[in-house]
Each structure stands twice: as C-alpha cells, then as structure tokens.
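Trainee: One structure follows; several queries about it will come next.
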Amino acid sequence: MDDIFENGGYFDDDGNPLNPDLIPKPGLCLLCKQDDASDPEENILCNLNRLDQVGEKEFKCGAYEPKND
C-alpha cells in the first residue's frame with residue numbers, strides 16, 4: 001500500500017497537510033479493537049473521526065469495540 005502522504009494525505013479545511021500521528025488519541029481509542037488496525041481503510045475512518053472531534057469535551061465513536069485481552 002502506498003504512503004498516504006505520497007498520494008494526497010490528510011488536509012485541514014485551509015488545505016494545510018496534517019500528520020495523522022499527531023492527531024490526539026482519546027482514551028476510548030486506546031481501549032478499542034480498531035486501534036492501530038491492520039486495515040488501512042479503518043485507520044483512515046478512525047483518524048478522520050478523531051480529527052473531526054479535536055477540542056470537543058466528549059469523544060464519541062460509533063465503531064468502538066472493546067479489545068478482548
């Protein structure tokens with residue numbers, strides 16, 4: 001799979017490039033089965049959801065699934 005930055009990547013509303021590794025990761029994400037999933041499409045959806053909620057008091061995620069440790 002290509003590097004996402006090589007073919008466009010993530011950009012804010014002003015066209016500035018964003019590094020997905022620097023998007024804050026809420027605690028709910030750390031407890032989720034999808035955290036750092038091997039599925040690149042799922043990672044994109046997670047990153048966009050987190051990016052959309054930066055600065056919100058409460059993080060919400062409809063795709064959350066608890067890890068089975």
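Just remember, in the structure tokens the first chain shown is A, the second B, etc., residues are 1-based per chain, and ligands are 1-based in the order shown.
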Residues within 7 Å of stretch 27-43 of chain A, please, as a ChimeraX atom specification. Count only C-alpha atoms; anything in the same chain fewer than 2 positions from it doesn't count.
Mentor: /A:25,45-47,64-67
Trainee: Apply DSSP to the structure's backbone, then extract all residues of chain A labelled alpha helix (DSSP H) and return them as a ChimeraX atom specification.
Mentor: /A:27-30,40-52
Trainee: Keeping only N, CA, C and O atoms, write the selected residues to a file as an mmCIF file, in the first residue's frame.
Mentor:
data_model
loop_
_atom_site.group_PDB
_atom_site.id
_atom_site.type_symbol
_atom_site.label_atom_id
_atom_site.label_comp_id
_atom_site.auth_asym_id
_atom_site.auth_seq_id
_atom_site.Cartn_x
_atom_site.Cartn_y
_atom_site.Cartn_z
ATOM 1 N N GLY A 27 -8.701 8.261 25.142
ATOM 2 C CA GLY A 27 -8.576 7.002 25.860
ATOM 3 C C GLY A 27 -9.472 5.911 25.299
ATOM 4 O O GLY A 27 -9.111 4.733 25.296
ATOM 5 N N LEU A 28 -10.663 6.283 24.817
ATOM 6 C CA LEU A 28 -11.574 5.300 24.242
ATOM 7 C C LEU A 28 -10.913 4.568 23.078
ATOM 8 O O LEU A 28 -11.081 3.355 22.921
ATOM 9 N N CYS A 29 -10.133 5.281 22.295
ATOM 10 C CA CYS A 29 -9.441 4.669 21.156
ATOM 11 C C CYS A 29 -8.416 3.636 21.627
ATOM 12 O O CYS A 29 -8.251 2.594 20.991
ATOM 13 N N LEU A 30 -7.740 3.935 22.718
ATOM 14 C CA LEU A 30 -6.724 3.016 23.225
ATOM 15 C C LEU A 30 -7.332 1.709 23.717
ATOM 16 O O LEU A 30 -6.651 0.688 23.761
ATOM 17 N N PRO A 40 -6.102 -0.507 6.471
ATOM 18 C CA PRO A 40 -5.829 0.914 6.219
ATOM 19 C C PRO A 40 -7.097 1.761 6.117
ATOM 20 O O PRO A 40 -7.110 2.901 6.538
ATOM 21 N N GLU A 41 -8.170 1.195 5.583
ATOM 22 C CA GLU A 41 -9.417 1.955 5.472
ATOM 23 C C GLU A 41 -9.983 2.264 6.853
ATOM 24 O O GLU A 41 -10.492 3.356 7.091
ATOM 25 N N GLU A 42 -9.906 1.303 7.763
ATOM 26 C CA GLU A 42 -10.400 1.528 9.127
ATOM 27 C C GLU A 42 -9.559 2.597 9.823
ATOM 28 O O GLU A 42 -10.087 3.451 10.539
ATOM 29 N N ASN A 43 -8.252 2.568 9.595
ATOM 30 C CA ASN A 43 -7.375 3.591 10.186
ATOM 31 C C ASN A 43 -7.745 4.986 9.696
ATOM 32 O O ASN A 43 -7.742 5.942 10.471
ATOM 33 N N ILE A 44 -8.074 5.103 8.426
ATOM 34 C CA ILE A 44 -8.470 6.403 7.870
ATOM 35 C C ILE A 44 -9.749 6.884 8.545
ATOM 36 O O ILE A 44 -9.845 8.030 8.964
ATOM 37 N N LEU A 45 -10.738 5.992 8.676
ATOM 38 C CA LEU A 45 -12.002 6.372 9.308
ATOM 39 C C LEU A 45 -11.782 6.794 10.757
ATOM 40 O O LEU A 45 -12.360 7.788 11.215
ATOM 41 N N CYS A 46 -10.957 6.048 11.477
ATOM 42 C CA CYS A 46 -10.657 6.403 12.873
ATOM 43 C C CYS A 46 -9.974 7.768 12.946
ATOM 44 O O CYS A 46 -10.337 8.612 13.774
ATOM 45 N N ASN A 47 -8.991 7.990 12.095
ATOM 46 C CA ASN A 47 -8.272 9.266 12.098
ATOM 47 C C ASN A 47 -9.204 10.427 11.784
ATOM 48 O O ASN A 47 -9.138 11.480 12.422
ATOM 49 N N LEU A 48 -10.080 10.258 10.791
ATOM 50 C CA LEU A 48 -10.996 11.335 10.434
ATOM 51 C C LEU A 48 -11.996 11.610 11.558
ATOM 52 O O LEU A 48 -12.332 12.771 11.818
ATOM 53 N N ASN A 49 -12.459 10.566 12.225
ATOM 54 C CA ASN A 49 -13.368 10.749 13.348
ATOM 55 C C ASN A 49 -12.674 11.514 14.479
ATOM 56 O O ASN A 49 -13.241 12.456 15.044
ATOM 57 N N ARG A 50 -11.441 11.125 14.794
ATOM 58 C CA ARG A 50 -10.692 11.819 15.843
ATOM 59 C C ARG A 50 -10.421 13.264 15.448
ATOM 60 O O ARG A 50 -10.567 14.185 16.258
ATOM 61 N N LEU A 51 -10.032 13.480 14.202
ATOM 62 C CA LEU A 51 -9.729 14.825 13.716
ATOM 63 C C LEU A 51 -10.964 15.720 13.795
ATOM 64 O O LEU A 51 -10.878 16.881 14.192
ATOM 65 N N ASP A 52 -12.120 15.164 13.475
ATOM 66 C CA ASP A 52 -13.362 15.923 13.498
ATOM 67 C C ASP A 52 -13.742 16.357 14.910
ATOM 68 O O ASP A 52 -14.444 17.346 15.091
#
Trainee: Quote the spacing between atom CA of A:Gly55 and atom CA of A:Phe11 in Å to one decimal place.
Mentor: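 Straight-line distance from atom CA of A:Gly55 to atom CA of A:Phe11 works out to 17.2 Å.
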Trainee: DSSP on the backbone, then: every residue of chain A marked strand (DSSP E or B), written as JSON, numbers by chain.
Mentor: {"A": [10, 11, 17, 18, 32, 66]}
Trainee: To one decimal place, how far is atom CA of A:Lys60 from atom CA of A:Pro26 in Å?
Mentor: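 Answer for the atom CA of A:Lys60 to atom CA of A:Pro26 separation: 9.6 Å.
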